[in-house]
$ cat model08.txt   # compact mmCIF, C-alpha atoms and all ligand atoms
# COMPACT_ATOMS: atom_id res chain seq x y z
CA MET A 215 -9.68 28.31 -13.40
CA ASP A 216 -10.46 25.45 -15.78
CA GLU A 217 -9.85 22.14 -13.99
CA ASN A 218 -7.84 20.53 -16.83
CA PHE A 219 -5.65 23.58 -17.08
CA THR A 220 -4.96 23.42 -13.33
CA ILE A 221 -4.00 19.75 -13.57
CA MET A 222 -1.70 20.53 -16.50
CA ILE A 223 0.06 23.27 -14.51
CA HIS A 224 0.55 20.98 -11.54
CA LYS A 225 1.84 18.18 -13.74
CA LEU A 226 4.33 20.60 -15.25
CA LEU A 227 5.42 21.88 -11.83
CA TYR A 228 5.83 18.35 -10.56
CA THR A 229 7.79 17.15 -13.56
CA LEU A 230 10.06 20.16 -13.48
CA GLY A 231 10.62 19.97 -9.72
CA SER A 232 11.37 16.27 -9.70
CA SER A 233 13.73 16.45 -12.68
CA ILE A 234 15.82 18.98 -10.74
CA ARG A 235 15.63 17.34 -7.34
CA ASN A 236 15.51 13.69 -8.43
CA PRO A 237 17.22 13.32 -11.83
CA SER A 238 17.27 9.49 -11.69
CA LEU A 239 13.54 9.16 -11.00
CA ARG A 240 12.58 8.60 -14.64
CA LYS A 241 15.10 5.79 -15.05
CA HIS A 242 13.75 4.01 -11.96
CA LEU A 243 10.15 4.44 -13.14
CA ALA A 244 10.95 2.84 -16.49
CA PHE A 245 12.61 -0.04 -14.63
CA LEU A 246 9.56 -0.61 -12.42
CA GLU A 247 7.28 -0.69 -15.45
CA LYS A 248 9.41 -3.55 -16.74
CA THR A 249 9.65 -5.53 -13.49
CA HIS A 250 5.88 -5.37 -13.05
CA TYR A 251 5.62 -8.45 -15.23
CA TRP A 252 8.67 -10.33 -13.99
CA SER A 253 8.41 -13.88 -12.68
CA LYS A 254 9.35 -14.65 -9.08
CA LYS A 255 12.58 -16.17 -10.39
CA GLU A 256 13.50 -13.03 -12.31
CA LEU A 257 12.77 -10.89 -9.25
CA GLU A 258 14.89 -13.10 -7.02
CA ASP A 259 17.75 -13.13 -9.50
CA TYR A 260 17.70 -9.34 -9.48
CA GLN A 261 17.65 -9.33 -5.66
CA PHE A 262 20.67 -11.61 -5.57
CA PHE A 263 22.57 -9.40 -8.01
CA LYS A 264 21.75 -6.22 -6.04
CA LEU A 265 22.53 -7.87 -2.71
CA LYS A 266 25.94 -9.00 -3.91
CA GLU A 267 26.63 -5.49 -5.20
CA LEU A 268 25.51 -3.97 -1.87
CA LEU A 269 27.63 -6.30 0.24
CA ASN A 270 30.73 -5.70 -1.85
CA TYR A 271 30.18 -1.96 -1.81
CA SER A 272 29.66 -1.90 1.95
CA TYR A 273 32.71 -4.06 2.58
CA ASP A 274 34.87 -1.74 0.48
CA ASN A 275 33.43 1.60 1.59
CA SER A 276 32.00 1.36 5.10
CA ILE A 277 34.37 1.01 8.05
CA PHE A 278 31.57 -0.42 10.16
CA TYR A 279 30.47 -3.10 7.70
CA ARG A 280 33.99 -4.24 6.92
CA LYS A 281 34.52 -4.84 10.63
CA HIS A 282 31.03 -6.29 11.06
CA PHE A 283 31.61 -8.82 8.27
CA THR A 284 35.16 -9.81 9.15
CA SER A 285 34.57 -10.14 12.88
CA ASN A 286 31.74 -12.53 12.03
CA ASN A 287 33.81 -14.50 9.52
CA PHE A 288 31.77 -13.36 6.58
CA ASN A 289 33.07 -12.32 3.19
CA PRO A 290 30.77 -10.97 0.43
CA ASN A 291 32.21 -13.70 -1.82
CA ASP A 292 30.56 -16.25 0.49
CA LEU A 293 27.17 -15.21 -0.86
CA LYS A 294 26.10 -17.98 -3.23
CA LYS A 295 22.34 -17.63 -2.83
CA ILE A 296 20.03 -15.05 -1.24
CA SER A 297 19.50 -17.10 1.92
CA ASP A 298 23.24 -16.89 2.63
CA ILE A 299 22.39 -13.41 3.88
CA LYS A 300 21.51 -15.18 7.15
CA LYS A 301 25.23 -15.59 7.82
CA ILE A 302 25.39 -11.87 8.53
CA PRO A 303 24.30 -10.94 12.07
CA MET A 304 21.26 -8.67 12.34
CA LEU A 305 21.44 -5.04 13.38
CA GLN A 306 19.06 -2.92 15.34
CA LYS A 307 18.47 0.75 15.76
CA SER A 308 20.91 1.14 18.63
CA ASP A 309 23.66 -0.21 16.32
CA LEU A 310 22.82 2.39 13.69
CA LEU A 311 22.80 5.14 16.30
CA LYS A 312 26.04 4.05 17.95
CA ASN A 313 27.97 3.51 14.71
CA ASN A 314 26.31 6.23 12.64
CA SER A 315 29.47 7.85 11.27
CA THR A 316 31.33 4.61 10.43
CA ILE A 317 28.29 3.06 8.72
CA HIS A 318 28.20 6.01 6.32
CA THR A 319 30.22 5.28 3.19
CA ASN A 320 32.28 7.81 1.31
CA TRP A 321 29.53 8.17 -1.33
CA LEU A 322 30.27 11.39 -3.14
CA GLY A 323 27.09 12.06 -5.13
CA LYS A 324 24.09 14.15 -4.19
CA LYS A 325 22.55 13.30 -0.82
CA PHE A 326 19.54 14.27 1.30
CA LYS A 327 19.31 14.27 5.05
CA ALA A 328 16.83 11.73 6.42
CA ILE A 329 15.50 11.55 9.97
CA THR A 330 13.54 8.67 11.43
CA SER A 331 10.95 8.64 14.13
CA GLY A 332 11.91 6.50 17.07
CA SER A 333 10.02 3.92 19.05
CA SER A 334 12.54 4.44 21.83
CA GLY A 335 12.31 8.19 21.35
CA ASN A 336 15.74 8.23 19.80
CA SER A 337 15.64 9.52 16.27
CA LEU A 338 18.26 8.49 13.76
CA SER A 339 19.58 10.87 11.15
CA PHE A 340 21.53 9.80 8.08
CA GLN A 341 22.40 10.78 4.49
CA ARG A 342 20.31 9.19 1.74
CA ASP A 343 21.82 9.22 -1.74
CA GLU A 344 19.83 10.73 -4.60
CA SER A 345 19.38 7.43 -6.43
CA ALA A 346 17.89 5.71 -3.36
CA ASP A 347 15.67 8.71 -2.70
CA SER A 348 14.51 8.77 -6.33
CA PHE A 349 13.97 5.03 -6.38
CA ASN A 350 11.68 5.31 -3.42
CA ARG A 351 9.71 8.14 -5.00
CA ALA A 352 9.46 6.11 -8.20
CA VAL A 353 7.99 3.16 -6.27
CA THR A 354 5.32 5.38 -4.71
CA GLN A 355 4.52 7.02 -8.02
CA TYR A 356 4.31 3.68 -9.76
CA CYS A 357 2.03 2.16 -7.12
CA TYR A 358 -0.25 5.22 -7.31
CA SER A 359 -0.59 4.63 -11.04
CA TRP A 360 -2.35 1.30 -10.31
CA TYR A 361 -5.19 3.46 -9.00
CA ASN A 362 -5.01 5.99 -11.86
CA VAL A 363 -3.61 8.53 -9.43
CA HIS A 364 -0.62 10.73 -10.16
CA PRO A 365 1.47 12.69 -7.67
CA TRP A 366 0.35 15.99 -9.18
CA HIS A 367 -3.32 15.30 -8.51
CA ARG A 368 -5.01 17.37 -5.83
CA ASN A 369 -4.64 15.64 -2.49
CA GLY A 370 -5.48 16.03 1.18
CA TYR A 371 -2.80 15.17 3.67
CA PHE A 372 -3.24 14.04 7.28
CA TRP A 373 0.34 14.51 8.27
CA GLY A 374 3.10 16.68 9.59
CA PHE A 375 1.26 19.47 11.34
CA ASN A 376 4.63 20.42 12.67
CA TYR A 377 4.63 24.15 12.28
CA THR A 378 5.82 27.51 13.40
CA PHE A 379 4.48 30.50 11.49
CA GLU A 380 7.45 30.49 9.06
CA LYS A 381 7.21 26.77 8.72
CA LYS A 382 3.50 27.00 7.96
CA ILE A 383 4.20 29.47 5.15
CA ARG A 384 6.96 27.23 3.79
CA THR A 385 4.81 24.12 4.14
CA ASN A 386 1.90 25.83 2.41
CA PHE A 387 4.18 26.75 -0.45
CA LEU A 388 5.64 23.25 -0.79
CA ASP A 389 2.13 21.86 -0.53
CA PHE A 390 1.03 24.18 -3.32
CA LEU A 391 3.80 22.78 -5.55
CA GLN A 392 2.51 19.30 -4.84
CA ASN A 393 -1.13 20.27 -5.23
CA ARG A 394 -1.63 19.30 -1.63
CA PHE A 395 -3.47 20.72 1.33
CA ARG A 396 -3.34 19.48 4.86
CA VAL A 397 -4.91 19.73 8.28
CA PHE A 398 -2.93 21.96 10.55
CA SER A 399 -4.75 20.88 13.67
CA TYR A 400 -7.26 18.31 14.72
CA GLN A 401 -9.67 20.76 16.30
CA LYS A 402 -13.20 20.16 15.00
CA SER A 403 -13.59 23.56 13.35
CA GLU A 404 -10.40 23.10 11.34
CA LEU A 405 -11.39 19.57 10.36
CA LYS A 406 -14.72 20.84 9.02
CA PHE A 407 -12.92 23.39 6.88
CA PHE A 408 -10.59 20.63 5.66
CA ILE A 409 -13.58 18.43 4.74
CA LYS A 410 -14.95 21.26 2.58
CA LYS A 411 -11.66 21.40 0.70
CA LEU A 412 -11.76 17.64 0.15
CA SER A 413 -14.52 18.15 -2.43
CA LYS A 414 -11.82 18.91 -5.01
CA ALA A 415 -9.36 16.18 -3.96
CA VAL A 416 -8.56 13.10 -6.04
CA TYR A 417 -6.80 11.26 -3.23
CA ILE A 418 -6.13 11.52 0.49
CA HIS A 419 -3.32 10.02 2.52
CA GLY A 420 -1.73 10.00 5.95
CA TYR A 421 -2.53 8.61 9.37
CA SER A 422 -5.24 6.00 9.06
CA SER A 423 -6.60 6.76 12.52
CA MET A 424 -7.25 10.35 11.47
CA ILE A 425 -8.73 9.44 8.10
CA TYR A 426 -11.09 7.27 10.11
CA GLN A 427 -11.91 10.10 12.55
CA VAL A 428 -12.67 12.47 9.69
CA ALA A 429 -14.84 9.84 8.01
CA ARG A 430 -16.81 9.52 11.24
CA LEU A 431 -17.21 13.25 11.48
CA ILE A 432 -18.60 13.35 7.93
CA ASN A 433 -20.96 10.44 8.52
CA GLN A 434 -22.23 11.56 11.89
CA GLY A 435 -22.48 15.24 11.13
CA GLY A 436 -24.34 14.70 7.89
CA LEU A 437 -21.67 16.76 6.12
CA THR A 438 -21.41 16.82 2.33
CA LYS A 439 -19.40 13.83 1.18
CA PRO A 440 -16.48 14.51 -1.14
CA LYS A 441 -17.34 12.94 -4.49
CA GLY A 442 -14.08 12.89 -6.40
CA ILE A 443 -11.82 10.78 -4.17
CA ILE A 444 -10.60 7.62 -5.90
CA PHE A 445 -7.71 6.60 -3.67
CA ILE A 446 -7.05 6.63 0.07
CA LYS A 447 -3.68 5.66 1.47
CA GLY A 448 -2.95 4.94 5.10
CA THR A 449 0.60 4.91 6.41
CA SER A 450 2.51 4.56 9.66
CA GLU A 451 -0.36 3.19 11.62
CA LYS A 452 -2.23 -0.05 11.73
CA ILE A 453 -5.38 0.09 9.65
CA TYR A 454 -8.12 -1.45 11.73
CA LYS A 455 -10.66 -3.50 9.85
CA ASN A 456 -13.49 -1.48 11.33
CA TYR A 457 -12.06 1.71 9.84
CA HIS A 458 -13.13 0.57 6.38
CA LYS A 459 -16.89 0.67 6.89
CA GLU A 460 -16.88 4.32 7.96
CA VAL A 461 -14.28 5.32 5.39
CA ILE A 462 -16.12 3.67 2.49
CA LYS A 463 -19.33 5.34 3.64
CA ALA A 464 -17.70 8.77 3.73
CA PHE A 465 -15.30 8.58 0.78
CA GLY A 466 -16.52 5.64 -1.32
CA SER A 467 -13.29 3.67 -1.09
CA LYS A 468 -11.38 1.66 1.52
CA ILE A 469 -8.00 2.69 2.98
CA ARG A 470 -5.13 1.15 1.02
CA SER A 471 -2.03 0.31 2.94
CA GLU A 472 1.55 1.42 2.40
CA TYR A 473 4.23 -0.01 4.67
CA GLY A 474 7.74 1.33 4.91
CA ALA A 475 10.34 3.05 7.02
CA THR A 476 12.83 5.84 6.53
CA GLU A 477 15.77 3.42 6.74
CA SER A 478 14.34 0.87 4.30
CA GLY A 479 12.15 2.90 1.97
CA ILE A 480 8.82 1.42 0.84
CA ILE A 481 8.57 -2.19 1.96
CA ALA A 482 5.10 -3.11 0.70
CA PHE A 483 2.16 -1.51 -1.08
CA GLU A 484 -1.41 -2.76 -1.43
CA CYS A 485 -2.48 -3.60 -4.98
CA PRO A 486 -6.04 -3.09 -6.27
CA ALA A 487 -6.71 -6.80 -5.65
CA GLY A 488 -5.98 -6.23 -1.98
CA SER A 489 -2.54 -7.84 -1.47
CA MET A 490 0.37 -6.08 0.17
CA HIS A 491 3.09 -6.78 -2.39
CA ILE A 492 6.68 -6.57 -1.22
CA ASN A 493 8.78 -4.03 -3.08
CA MET A 494 11.21 -6.78 -4.06
CA GLU A 495 13.29 -4.49 -6.27
CA GLY A 496 13.96 -2.24 -3.28
CA VAL A 497 14.19 -4.50 -0.26
CA ILE A 498 14.82 -8.03 0.93
CA VAL A 499 12.37 -8.88 3.68
CA GLU A 500 12.99 -11.76 6.07
CA GLU A 501 10.63 -12.96 8.74
CA VAL A 502 12.68 -14.04 11.76
CA ASN A 503 10.72 -15.12 14.83
CA ASN A 504 7.70 -13.21 13.49
CA GLU A 505 9.80 -10.09 13.26
CA ILE A 506 10.71 -8.17 10.12
CA VAL A 507 14.38 -8.02 9.14
CA VAL A 508 14.96 -5.76 6.17
CA THR A 509 17.81 -5.05 3.75
CA ASN A 510 17.69 -1.95 1.60
CA LEU A 511 18.99 -2.94 -1.84
CA GLN A 512 19.16 0.57 -3.26
CA MET A 513 20.94 2.76 -0.74
CA ARG A 514 24.70 3.14 -0.92
CA SER A 515 25.38 6.21 1.26
CA PHE A 516 24.14 4.51 4.45
CA PRO A 517 23.84 0.75 3.87
CA ILE A 518 21.04 -1.00 5.76
CA ILE A 519 21.74 -4.73 5.89
CA ARG A 520 19.66 -7.19 7.92
CA TYR A 521 18.03 -4.52 10.03
CA ARG A 522 15.46 -5.29 12.71
CA LEU A 523 12.84 -2.68 12.12
CA GLY A 524 10.96 -3.47 15.31
CA ASP A 525 7.66 -4.56 13.78
CA TYR A 526 6.04 -7.94 13.90
CA ILE A 527 4.93 -9.26 10.53
CA LYS A 528 3.52 -12.30 8.81
CA LEU A 529 4.59 -13.18 5.28
CA ALA A 530 2.13 -15.02 3.05
CA SER A 531 3.05 -18.45 1.75
CA ASN A 532 5.10 -18.35 -1.45
CA SER A 533 2.49 -20.44 -3.25
CA ILE A 534 -0.21 -17.78 -2.92
CA LYS A 535 -0.81 -15.98 -6.17
CA CYS A 536 -2.50 -12.59 -6.33
CA ASN A 537 -5.39 -11.93 -8.71
CA CYS A 538 -3.65 -8.79 -9.94
CA GLY A 539 -1.12 -10.98 -11.74
CA ARG A 540 2.06 -9.67 -10.15
CA ASN A 541 4.52 -12.20 -8.78
CA HIS A 542 5.97 -10.06 -6.01
CA SER A 543 5.86 -11.75 -2.60
CA ILE A 544 3.00 -10.84 -0.31
CA LEU A 545 3.09 -9.45 3.19
CA GLU A 546 0.05 -10.85 4.92
CA GLU A 547 0.03 -8.64 7.95
CA VAL A 548 1.96 -6.07 9.96
CA THR A 549 1.06 -6.64 13.55
CA GLY A 550 3.41 -4.31 15.34
CA ARG A 551 2.24 -0.83 14.49
CA ILE A 552 -0.82 0.16 16.41
CA GLY A 553 -2.52 3.44 15.61
CA GLN A 554 -2.98 4.54 19.18
CA LEU A 555 -4.89 7.64 20.05
CA VAL A 556 -4.25 10.18 22.75
CA TYR A 557 -7.34 11.37 24.58
CA GLY A 558 -7.51 14.96 25.67
CA LYS A 559 -10.33 16.24 27.84
CA ASN A 560 -12.20 17.32 24.72
CA GLU A 561 -10.32 16.20 21.62
CA ILE A 562 -8.60 13.09 20.27
CA TYR A 563 -5.07 13.17 18.81
CA PRO A 564 -2.84 10.68 16.96
CA SER A 565 -0.04 9.39 19.17
CA LEU A 566 2.53 10.30 16.50
CA ILE A 567 2.22 13.88 17.79
CA PHE A 568 4.80 12.79 20.36
CA TYR A 569 7.21 12.09 17.56
CA TYR A 570 6.87 15.69 16.36
CA ILE A 571 7.21 17.11 19.84
CA PHE A 572 10.46 15.26 20.52
CA LYS A 573 11.77 15.83 17.02
CA ASN A 574 11.25 19.59 17.49
CA LEU A 575 13.05 19.52 20.82
CA ASP A 576 15.98 17.83 19.13
CA LEU A 577 16.07 19.87 15.91
CA HIS A 578 15.40 23.34 17.34
CA HIS A 579 16.76 23.11 20.88
CA SER A 580 19.29 20.27 20.68
CA ILE A 581 17.43 18.46 23.44
CA SER A 582 17.59 14.80 22.56
CA LEU A 583 15.48 12.68 24.89
CA ASN A 584 14.49 9.08 25.29
CA TYR A 585 10.89 9.02 26.30
CA GLN A 586 7.92 6.90 27.05
CA ILE A 587 4.44 8.25 27.53
CA ILE A 588 1.71 6.50 29.42
CA GLN A 589 -1.96 7.38 29.43
CA LYS A 590 -4.28 5.98 32.07
CA GLU A 591 -7.06 8.55 32.00
CA LYS A 592 -8.48 11.10 29.57
CA GLY A 593 -6.76 14.48 29.57
CA LYS A 594 -3.75 13.20 31.54
CA LEU A 595 -0.34 11.88 30.52
CA PHE A 596 2.59 10.50 32.38
CA ILE A 597 5.87 11.32 30.64
CA ARG A 598 8.88 9.20 31.51
CA ILE A 599 12.27 10.57 30.44
CA GLU A 600 15.53 8.70 30.66
CA GLN A 601 17.76 11.77 30.95
CA HIS A 602 18.21 14.26 33.72
CA LEU A 603 16.35 17.46 32.85
CA LYS A 604 17.45 21.02 33.43
CA GLN A 605 14.83 23.64 34.29
CA ILE A 606 15.20 25.28 30.85
CA GLU A 607 14.63 21.92 29.17
CA ILE A 608 11.43 21.34 31.11
CA LYS A 609 10.25 24.77 29.92
CA LYS A 610 10.92 23.80 26.30
CA ILE A 611 9.03 20.54 26.76
CA ASP A 612 6.13 22.54 28.23
CA SER A 613 6.00 24.90 25.28
CA GLU A 614 6.04 22.02 22.77
CA PHE A 615 3.21 20.21 24.54
CA VAL A 616 1.13 23.38 24.74
CA LYS A 617 1.72 23.97 21.03
CA TYR A 618 0.06 20.70 20.12
CA PHE A 619 -2.43 20.06 22.92
CA GLY A 620 -3.20 23.54 24.25
CA GLN A 621 -4.79 23.16 27.69
CA ASP A 622 -6.56 19.98 26.65
CA ILE A 623 -4.02 17.69 28.29
CA GLN A 624 -2.19 17.83 31.62
CA TYR A 625 0.87 15.79 32.39
CA ASP A 626 3.49 14.81 34.91
CA ILE A 627 7.14 14.38 33.96
CA GLN A 628 9.43 11.90 35.62
CA GLU A 629 13.13 12.11 34.76
CA LYS A 630 15.96 9.56 35.07
CA CYS A 631 13.67 6.63 34.25
CA ILE A 632 14.92 3.27 33.07
CA LEU A 633 13.22 2.70 29.74
CA HIS A 634 15.06 -0.29 28.36
CA SER A 635 13.40 -3.61 28.04
CA GLU A 636 15.47 -6.68 27.22
CA LYS A 637 12.67 -8.92 26.03
CA GLU A 638 10.22 -6.90 24.04
CA LYS A 639 10.04 -3.89 21.81
CA LEU A 640 10.04 -0.69 23.77
CA LYS A 641 6.88 1.26 23.16
CA SER A 642 7.07 5.02 23.13
CA PHE A 643 3.40 5.30 23.97
CA ILE A 644 1.32 3.02 26.12
CA SER A 645 -2.36 3.69 26.49
CA HIS A 646 -4.55 1.96 29.02
CA LEU A 647 -7.66 3.54 27.54
CA HIS A 648 -9.99 1.59 25.30
CA TYR A 649 -10.91 2.89 21.89
CA GLU A 650 -14.40 4.20 21.44
CA PHE A 651 -15.44 2.25 18.40
ZN ZN B 1 -1.78 -8.09 -6.31
$ encode --input "model08.txt" --output "structure tokens"
Amino acid sequence: MDENFTIMIHKLLYTLGSSIRNPSLRKHLAFLEKTHYWSKKELEDYQFFKLKELLNYSYDNSIFYRKHFTSNNFNPNDLKKISDIKKIPMLQKSDLLKNNSTIHTNWLGKKFKAITSGSSGNSLSFQRDESADSFNRAVTQYCYSWYNVHPWHRNGYFWGFNYTFEKKIRTNFLDFLQNRFRVFSYQKSELKFFIKKLSKAVYIHGYSSMIYQVARLINQGGLTKPKGIIFIKGTSEKIYKNYHKEVIKAFGSKIRSEYGATESGIIAFECPAGSMHINMEGVIVEEVNNEIVVTNLQMRSFPIIRYRLGDYIKLASNSIKCNCGRNHSILEEVTGRIGQLVYGKNEIYPSLIFYYIFKNLDLHHSISLNYQIIQKEKGKLFIRIEQHLKQIEIKKIDSEFVKYFGQDIQYDIQEKCILHSEKEKLKSFISHLHYEF
């Protein structure tokens, strides 16, 4: 089929699909085109306006927030400037989990179910209103446009190989609608097939550690390098500096960084000049004791106000100006998300596989576990579980692990473990192995 015709079809499919699923997307896109040129003052004025609106809405419509504000002697009318937000005590994930139903407002419009991954192994599920969902999609789409990339362009995806047979069919279909193809496993033979398909891709995105692994495979194996890739986006994992050399060699471009979370939406996105600009229209980011505290300015169905995301960050000084010309604040570094790898006897896997394993256990078998996994040697894992496990639950855990790792990894499970740590962020995966760079 003629390439231009294919692109046209995919653009049409995308536009049609998003106008049905996300009717407010266009409005948000037009807004972002306008704010692109705003001064810092204009951006901050908008943040203040949205924050005030959010606090009033939450006070009036969320049982939790009304109590949270009043018991801490705060009234939304007390907000005279953005920094007054500091009068509101911070929240953390356990607060959102514990008070899930009373945080939800009585928002009546269209909503989508959202589920987070959990550093403590506890995943949070909540309702995201259509406008917040569309806003977030608009931000992504807008940031892609800086690189001349559109969501309907052909793309390779290193993500979500969470499949049963039915799910694979469904995923393949949804991927087709988004002109996307993905790796369904990280076995070498499958990766080689994936690399062949990359020859027609315009952009690739997903786990940076896997993009790096694939780049290495291309470079070392003397495989044909994909020529048409103009944009590479890494998410969810720290992008190590030494990834870039291999990735540029294989794909001709460095990995660009996107930083966000399910609760907050996109927090920052790397511009072509190399700065991670804060999505100031969508979030207020505070740096408190080197830690990120985020407020989602767009979501009404499940307000997120002064939320400790659990990452360590460093904000750039306000006086730094980016060469791209935008005035949005700059996130200098995210230090808390490490793209750790799990070593099997023969293969290497991204540690976020554990997220899928425990999410499956929860979604399909209603087994909700708090976990921590420790690796001290290749091909072996030590799984610590907080709960008491029934025999049938252990069997389900076994089948999930086999699904992802086959016989490549052996493990021991210890139940009734104490996983809480008062002082530092609880890590769901701790590896004592050194990376083979
Ligand atoms: Zn910039």
$ atom_distance --input "model08.txt" --atom1 "CA of Lys604 (chain A)" --atom2 "CA of Thr330 (chain A)"
25.5 Å
$ residues_near_ligand --input "model08.txt" --ligand "ligand ZN 1 (chain B)" --cutoff "12 Å" --atoms "all atoms listed in the file" --output "list in words"
His250, Tyr251, Cys357, Trp360, Ala482, Phe483, Glu484, Cys485, Pro486, Ala487, Gly488, Ser489, Met490, His491, Ile492, Asn493, Ile534, Lys535, Cys536, Asn537, Cys538, Gly539, Arg540, Asn541, His542, Ser543, Ile544, Leu545 and Glu546 of chain A
$ closest_atom_pairs --input "model08.txt" --of "region 441-530 of chain A" --to "region 333-354 of chain A" --cutoff "6 Å" --atoms "all atoms listed in the file" --output "JSON lines"
{"residue": "A:Gly479", "atom": "CA", "partner": "A:Asn350", "partner_atom": "CA", "distance": 5.9}
{"residue": "A:Gln512", "atom": "CA", "partner": "A:Ala346", "partner_atom": "CA", "distance": 5.3}
{"residue": "A:Met513", "atom": "CA", "partner": "A:Ala346", "partner_atom": "CA", "distance": 5.0}
{"residue": "A:Ser515", "atom": "CA", "partner": "A:Asp343", "partner_atom": "CA", "distance": 5.5}
$ closest_residue --input "model08.txt" --among "A:Ser582, A:Thr476, A:Gln427, A:Lys402" --to "His458 (chain A)" --atoms "all atoms listed in the file"
A:Gln427
$ closest_residue --input "model08.txt" --among "A:Phe596, A:Phe283, A:Tyr356, A:Tyr426" --to "Leu239 (chain A)" --atoms "all atoms listed in the file"
A:Tyr356
$ residues_around --input "model08.txt" --residues "region 305-316 of chain A" --least-positions-apart "5" --cutoff "9 Å" --atoms "all atoms listed in the file" --output "short mmCIF file (atom, residue, chain, number, x, y, z; two decimals) with C-alpha atoms, in the frame of the given file"
data_model
loop_
_atom_site.label_atom_id
_atom_site.label_comp_id
_atom_site.auth_asym_id
_atom_site.auth_seq_id
_atom_site.Cartn_x
_atom_site.Cartn_y
_atom_site.Cartn_z
CA SER A 276 32.00 1.36 5.10
CA ILE A 277 34.37 1.01 8.05
CA PHE A 278 31.57 -0.42 10.16
CA TYR A 279 30.47 -3.10 7.70
CA GLY A 332 11.91 6.50 17.07
CA ASN A 336 15.74 8.23 19.80
CA SER A 337 15.64 9.52 16.27
CA LEU A 338 18.26 8.49 13.76
CA SER A 339 19.58 10.87 11.15
CA PHE A 340 21.53 9.80 8.08
CA VAL A 507 14.38 -8.02 9.14
CA PHE A 516 24.14 4.51 4.45
CA ILE A 518 21.04 -1.00 5.76
CA ILE A 519 21.74 -4.73 5.89
CA ARG A 520 19.66 -7.19 7.92
CA TYR A 521 18.03 -4.52 10.03
CA ARG A 522 15.46 -5.29 12.71
CA LEU A 523 12.84 -2.68 12.12
CA GLY A 524 10.96 -3.47 15.31
#
$ closest_residue --input "model08.txt" --among "A:Lys594, A:Lys294, A:Lys414, A:Lys439" --to "Gly370 (chain A)" --atoms "only C-alpha atoms"
A:Lys414
$ residues_around --input "model08.txt" --residues "Glu267 (chain A)" --least-positions-apart "4" --cutoff "10 Å" --atoms "only C-alpha atoms" --output "compact mmCIF listing (two decimals) with C-alpha atoms, keeping the file's coordinate frame"
# COMPACT_ATOMS: atom_id res chain seq x y z
CA GLN A 261 17.65 -9.33 -5.66
CA PHE A 262 20.67 -11.61 -5.57
CA PHE A 263 22.57 -9.40 -8.01
CA TYR A 271 30.18 -1.96 -1.81
CA SER A 272 29.66 -1.90 1.95
CA TYR A 273 32.71 -4.06 2.58
CA PRO A 290 30.77 -10.97 0.43
CA LEU A 511 18.99 -2.94 -1.84
CA GLN A 512 19.16 0.57 -3.26
CA ARG A 514 24.70 3.14 -0.92
$ residues_around --input "model08.txt" --residues "Ser613 (chain A)" --least-positions-apart "6" --cutoff "12 Å" --atoms "only C-alpha atoms" --output "tab-separated table (two decimals) with C-alpha atoms, in the frame of the given file"
chain	number	residue	atom	x	y	z
A	571	ILE	CA	7.21	17.11	19.84
A	572	PHE	CA	10.46	15.26	20.52
A	574	ASN	CA	11.25	19.59	17.49
A	575	LEU	CA	13.05	19.52	20.82
A	579	HIS	CA	16.76	23.11	20.88
A	606	ILE	CA	15.20	25.28	30.85
A	607	GLU	CA	14.63	21.92	29.17
A	619	PHE	CA	-2.43	20.06	22.92
A	620	GLY	CA	-3.20	23.54	24.25
A	621	GLN	CA	-4.79	23.16	27.69
$ axis_aligned_box --input "model08.txt" --around "region 509-525 of chain A" --padding-each-side "3 Å" --output "JSON"
{"center_x": 16.5, "center_y": -0.5, "center_z": 6.0, "size_x": 23.7, "size_y": 19.4, "size_z": 24.6}
